[in-house]
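Reading through the structure tokens given below for one structure.
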Amino acid sequence: MANFKEPNIDAKFLKPYDSAGTEEANYSAWEKSGYFNPDISVRKGVTKPDAKAFSIVLPPPNVTGTLHIGHAAMLAIEDIMVRFARMRGMKTLWLPGTDHAAIATQSKVEDIIYKEEKKRRHEIGREELLRRVNEFASKSHDTIVSQTKKMGASIDWSREAFTLDEKRNFAVRTAFKQMYDDGLIFKGHRIINWDPKGQTTISDDEIVYKEEKVKFYYFKYGPFIIGTSRPETKFGDKYVVMHPDDGRYADFKHGQKIDLEWINGPISATVIKDKSIDMAFGTGVMTITPWHSNVDFEIAERYKLDKEQIIDKTGRLLPIAGEFAGQKITEARAKIVEKLKAKGLLEKEEDYTHQIATAERTGGIIEPQIMNQWFIAVNKTFKAKNSKLKGIKKGQEVTLKELMLTVVKNGQTKILPDHFEKVYFNWIENLHDWCISRQIWYGHRIPVWYKKSEKSGEKGGDSVSETYCGVDAPTGDSWTQDEDTLDTWFSSGLWTFSTLGWPDAWDAVTGEAKKGSDLAVFHPTSILETGYDILFFWVARMILMSTYLLGDIPFETVYLHGLVRDGQGRKMSKSLGNIIDPVDLINKYGADAVRLSLIIGTSPGNDLKLSEDKVKGYKHFANKIWNISRFVLSYAGDVPYEENFAKYSEADMKLNEERSALIEEITKEMEEYKFYIVGEKVYQYIWRRFADQILEESRPVLEKGTPEEILSRKQFLQHTLVKMLLVLHPFMPFVTEEIWKSMPVGNKKDFLMLENWPL
RNA sequence: GGGCGGUUAGCUCAGUUGGUAGAGCAUCUCAUUGACGUUGAGAGGGUCAGAGGUUCAAAUCCUCUACCGCCCACCA
């Protein structure tokens, strides 16, 4: 046993692996070296100048708060992709940034201000509010960056972007102008989703439906009985609609006028026959309120009916409501029912459960309103300026919707797991024009200016005598810029190329990126990794913007990860108190353990259940590797490492083949993004095979074998440790890098992360 | 109402083009001052939700059913 007592190794191996004590130093050494930046890697000779590019944009976290464990999972997956690509010699760029998140951030800051100072936004003023929001955003940003670094993300910070910075603003104005000129962005009076709480419009996607139990009332409406859950909207109802085939109402003719007694006195109602009516629902008859209902609006459009506003922007009844004018709809409802009852018009009431539309960010109950807003037309044709899209030629007449469908249908952009392609198609097919104007202050101002006429009227609306849309403000006096800002997803839709230098790096004449620019080298990006919950919000919008503005896809592959849930499968939320802060876990178990626990046992598109025990288990694994290294270094580290050792014993030859086969297998799986399988296989091999069996068997060999056998085994152990550190590095960068420092390997590059993937 | 998933060991989940079921954790038994504060060896445990079909062969392909989950959708 004498030769076993040669612990000529770093003293650090005599203690268990100390993640907390080594992670920070390793990260700052990586960062300082500049190798996260592909340009520096090329300059220093680590990456070949003509190497294939691998690029990925970080889905920019919202500056509304700090990173949660879901972000940690995202960072872990992306860092694996990035480190793997880098180790394969690719010109690798991972580009970071943050998202201003418009409504989300502004409403959060407004909440804080109201809580602390009892002041509303109009009491604070545009300038001061923006100052406060920026201050908040900047704090959030700093926290996010430091959390990201703790995870070990090998990100190129020199290229960091923000969706609301100068360059991105220029990109937004340029994109807007082009869409405006093509007629794809237009302003019009349409029915939109009004959030009375946030005092802004929101897009269809920003609505969340909540179940609500209400009363469903039946009222006498002349000869009819109509059903409604919203009596407060019924003041202006003067059209009564039924199905043309409904035999119960065959005696009434389309267009027929009927005088009847209603809430505030006698009115004249007109009969409308329309096929959209469900004969089986209620009495099969309804009255319509086109100003405050999408369906009613469509019916009114079909027959050119009058539309009247009943409810104002703050949710109060207008003068048309007579004695109820000025009341909040929530208060007025019961009183109106009371009055109708008193007039003998209430037939009956029932309990009713329905889905109520609310604003995702403020929780306000959506009130549809007809308003003059900006939209992106998804069904309008235009001529494609240039196209690298399969099946679409330059100059061809297309719609945005067609572009969005085409690139996924023809496989230019693949979505993983692939069943989400069906979800994507389903969404696109039901897509309506996208309302992009918001009545909030935090965001990109709409690059449109108006000259007002003498007549008074709604600003930016009817009183306008001249409209100008441009990247920059028009010259001359008396121009006023549109007050509104853009939906936050407009700027994030440009993210893959606005971060790479578009539009400066773009040659509009040739329809190509300028040679040598980031845009030319790194776009389309290789892969987009994000949560399935923003497939519509973001992924689809990026496809829209990129296919339209560049005539190219934004990314070749979309990898959708699932949500991280707690050990019992519940969503993490403040009220449940089950939120896990990734930094707490890292401090306790190390970033490597956290990363691995977010990878193994997950698969793309499926939610992941995370318990602290799981993380703990992988902390044990990090320590296991540490001790394996200690063993190999003390018992086999005394012979010089030979990269191409040719004199393996027969037994070691077999072991070598086994290990090569494993590496070949996992390389293929890495290319297929099956990180959960690779992680598990490497775990199995290292612990169950290498440590439990091979190392155990090595004792007698090293003790009693011939000199040749001993040398062979020592080489094999060193080789295997080196290769395992390499393949494990993308998963567990810290512990592997730390061990690597002590490996007696010649010709080492500056870091393990720069070494070549073994194959 | 429309769409998409899931159902495999006590728990969490793998299972690549069909070839008599796997891992981690948990449980039980034994060993252990040996690189391992975080160790090893072994064991038990599953008619793969149910029914039918295709096939020499089905967890895997097809049809139906049941239950669970998610997304979309203003039956007023």
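We label chains A, B, ... in the order they appear in the structure tokens, count residues from 1 in each chain, and number ligands from 1 in the order shown.
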Margin query: Show me, as a ChimeraX atom specification, the residues of chain B whose atoms get within 8 Å of chain A, using only C-alpha atoms (C1' of nucleotides) for the distance check.
Written below: /B:3-4,12-14,25,35-36,38,40,72,74-76
So which residues of segment 527-650 of chain A fall under alpha helix (DSSP H) by DSSP, listed as a PyMOL selection string?
chain A and resi 541-549+582-589+591-599+612-636+650
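When atom CA of Asp251 of chain A is paired with atom CA of Lys304 of chain A, their separation reads 23.4 Å.
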Distance in Å - atom CA of Ser597 of chain A versus atom CA of Asn26 of chain A: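 The value is 20.9 Å.
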Shortest interatomic distance to Glu160 of chain A - which of A:Thr667, A:Asn587, A:Ser698, A:Asn37, counting only C-alpha atoms:
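Among the listed residues, the smallest separation from Glu160 of chain A belongs to A:Asn37.
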Long-range neighbours of segment 45-52 of chain B as an mmCIF file with N, CA, C and O atoms (P, O5', C5', C4', C3', O3' and C1' of nucleotides), in the first residue's frame, 6 Å cut-off, only C-alpha atoms (C1' of nucleotides), 3 positions minimum in chain:
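around-v3.cif, written as the output of this step:
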```
data_model
loop_
_atom_site.group_PDB
_atom_site.id
_atom_site.type_symbol
_atom_site.label_atom_id
_atom_site.label_comp_id
_atom_site.auth_asym_id
_atom_site.auth_seq_id
_atom_site.Cartn_x
_atom_site.Cartn_y
_atom_site.Cartn_z
ATOM 1 P P U B 7 -47.518 9.843 -19.869
ATOM 2 O "O5'" U B 7 -48.526 9.333 -18.749
ATOM 3 C "C5'" U B 7 -48.361 9.761 -17.384
ATOM 4 C "C4'" U B 7 -49.536 9.263 -16.571
ATOM 5 C "C3'" U B 7 -49.658 7.737 -16.547
ATOM 6 O "O3'" U B 7 -49.825 7.241 -15.227
ATOM 7 C "C1'" U B 7 -51.676 8.746 -17.357
ATOM 8 P P U B 8 -48.529 6.899 -14.367
ATOM 9 O "O5'" U B 8 -47.775 5.828 -15.263
ATOM 10 C "C5'" U B 8 -48.214 4.474 -15.267
ATOM 11 C "C4'" U B 8 -47.059 3.563 -15.515
ATOM 12 C "C3'" U B 8 -45.937 3.664 -14.496
ATOM 13 O "O3'" U B 8 -46.230 2.943 -13.310
ATOM 14 C "C1'" U B 8 -45.005 3.692 -16.657
ATOM 15 P P A B 9 -45.810 3.565 -11.950
ATOM 16 O "O5'" A B 9 -44.809 2.499 -11.339
ATOM 17 C "C5'" A B 9 -45.304 1.339 -10.656
ATOM 18 C "C4'" A B 9 -44.365 0.992 -9.526
ATOM 19 C "C3'" A B 9 -44.181 2.100 -8.506
ATOM 20 O "O3'" A B 9 -44.376 1.612 -7.190
ATOM 21 C "C1'" A B 9 -42.093 1.324 -9.287
ATOM 22 P P A B 59 -46.291 -3.813 -24.342
ATOM 23 O "O5'" A B 59 -46.271 -2.429 -23.571
ATOM 24 C "C5'" A B 59 -47.486 -1.780 -23.201
ATOM 25 C "C4'" A B 59 -47.285 -0.288 -23.110
ATOM 26 C "C3'" A B 59 -47.153 0.419 -24.449
ATOM 27 O "O3'" A B 59 -48.404 0.794 -24.953
ATOM 28 C "C1'" A B 59 -45.390 1.084 -22.998
#
```
